[in-house]
Amino acid sequence: MDEIRKGGILKAVKKSRGGIMVAHHKDTKDLPVVRMPAPEFVTLPMQQHIGAPCTPTVKVGDTVAVGQVIGDTDKFVSAPIHASVSGTVKSIGEVRLPSGMITQAVTIESDGEMRLFDGIEPPKVETKDDLIKAVRQSGLVGLGGAGFPSHVKLAFDESKGIDTLVINAAECEPYITVDYRECIDNSWDIFSSIYTLKDLLGFKKIIIAVEDNKPDAIKVLKDIADSKNDVNDSVKIMTLKSKYPQGAEKMMVLSATGRKVPPGKLPADVGCVVMNVTSASFISRYLKTGKPLVSRSLTVAGDAIANPQNVRVPIGTKIKEIIDFCGGYSNEPYKLIAGGPMMGMALVDDQGPILKSNNAILAFSDTKKIKKEVDCIRCGRCAKACPMSLIPTNIEKYTKIRDIEKLKNSGIMVCMECGSCSYSCPAGKALVQHMRLAKSVLREAEAKK
């Protein structure tokens, strides 16, 4: 690999295509995570991950403790759900997720004690299979927002020749700073997990990739990587140019290794595993304590939030209660988002629960920045910004006229819905929504065959 070194830090191997320069707005980066008290109720949806939903393993009236499994399935691509508070199961019903999906959910009334489940203990991990089993039992999914079950990612086929672990600490979305705080506050957990993954999964090289707008995080990580703890000098720190969507898996692999992930393939197909830095850090703590994923850190920010900060909350906490903990609304919110402003989900209200994959809650009141849609001027900026070399305006046109054959040939299914096209469009066209609609049109057409 032809990395370029500067002061002992690797520079990107290859520049990824497209992308956009966005204002960072990392206003909460210097604010350590504060823990929110347990809420009176939590609502835990059985679908908090990519893959098969869980089935409740408890019934109304049951007494539960923190870390107790309350939902699971025998499907491999899934992750169990654990009680995030101790108390009593008050109801089991349906809830609508921000994506529009309806799933079962377990509501627990807290007893205020936050008692740990008696069965919690550190798992015994000596082999790859032990590790994969432990990660599944922990309930871990991608904490960077993707929600993909982590044990599935680690259970790779060894015949593919996977040799590189890329730890994604780019955090390229504006406003969000919880990954940055993880690097600053829990750096030793990150490295402890990395060494475990290296020893049990056989990675020959580990790259921690950080955008260059986070110099303090880079310094903290580099100091550990350069210490005697990294005996074989196997962990490298790489700085990436701050450019959205640098944190996307395929972009990350290209920048960190120079390997291009083909359409329809995964990083594993080019010898890489990519893991979010907070996900990696959690594995270390789970292996030491046995406490599963029952809470997470998230950034609460935006001009409509009275006291923006980074908060640790029990999973299933109502969004409104988290906002109230941050001082409530400073202005009437016009837009409420779960996740980042580029790829997050717009919320219809603040009554829903926090999910495992939610790394931010953003509230905005400023409507002046909302573009009014006008006719396309054929400037081509959307195509220039697209990291996947798509032509969004053509895809929009094919979607409107339901031209299935042209949609198939457009490459739409490789779209990562990053929003770079919409952001760069001077006509204010909602192009990313058309990209999502195009995928739905194709799926419906395939289903009718």
# chains A, B, ... in the order shown; residues from 1 in each chain; ligands from 1
>>> select_by_dssp(residues="stretch 311-413 of chain A", states="strand (DSSP E or B)", output="JSON, numbers by chain")
{"A": [311, 312, 313, 314, 318, 329, 335, 336, 337, 338, 345, 346, 353, 360, 361, 362, 363, 364]}
>>> closest_residue(among="A:Ala23, A:Leu200, A:Leu407, A:Lys153", to="A:Ala445", atoms="only C-alpha atoms")
A:Leu407
>>> residues_around(residues="A:Arg35", least_positions_apart="6", cutoff="10 Å", atoms="only C-alpha atoms", output="PyMOL selection string")
chain A and resi 295-297+310-314
>>> closest_residue(among="A:Leu116, A:Ile283, A:Ile207, A:Ile404", to="A:Arg443", atoms="only C-alpha atoms")
A:Ile404
>>> select_by_dssp(residues="stretch 234-283 of chain A", states="alpha helix (DSSP H)", output="list in words")
Glu249, Lys250, Met251, Met252, Val253, Leu254, Ser255, Ala256, Thr257, Val277, Thr278, Ser279, Ala280, Ser281, Phe282 and Ile283 of chain A
>>> write_last_selection(atoms="C-alpha atoms", output="mmCIF file, in the first residue's frame")
data_model
loop_
_atom_site.group_PDB
_atom_site.id
_atom_site.type_symbol
_atom_site.label_atom_id
_atom_site.label_comp_id
_atom_site.auth_asym_id
_atom_site.auth_seq_id
_atom_site.Cartn_x
_atom_site.Cartn_y
_atom_site.Cartn_z
ATOM 1 C CA GLU A 249 -18.236 2.614 3.861
ATOM 2 C CA LYS A 250 -17.329 2.453 0.191
ATOM 3 C CA MET A 251 -15.768 5.908 0.266
ATOM 4 C CA MET A 252 -13.873 4.986 3.420
ATOM 5 C CA VAL A 253 -12.435 1.794 1.914
ATOM 6 C CA LEU A 254 -11.289 3.625 -1.212
ATOM 7 C CA SER A 255 -9.629 6.428 0.745
ATOM 8 C CA ALA A 256 -8.010 4.160 3.339
ATOM 9 C CA THR A 257 -6.831 1.310 1.103
ATOM 10 C CA VAL A 277 -15.377 3.739 16.227
ATOM 11 C CA THR A 278 -18.093 3.816 18.911
ATOM 12 C CA SER A 279 -19.178 0.291 17.982
ATOM 13 C CA ALA A 280 -15.594 -0.898 18.384
ATOM 14 C CA SER A 281 -15.265 0.853 21.730
ATOM 15 C CA PHE A 282 -18.460 -0.798 22.996
ATOM 16 C CA ILE A 283 -17.090 -4.288 22.266
#
>>> closest_residue(among="A:Leu336, A:Met416, A:Ile370, A:Ile206", to="A:Lys429", atoms="only C-alpha atoms")
A:Ile370
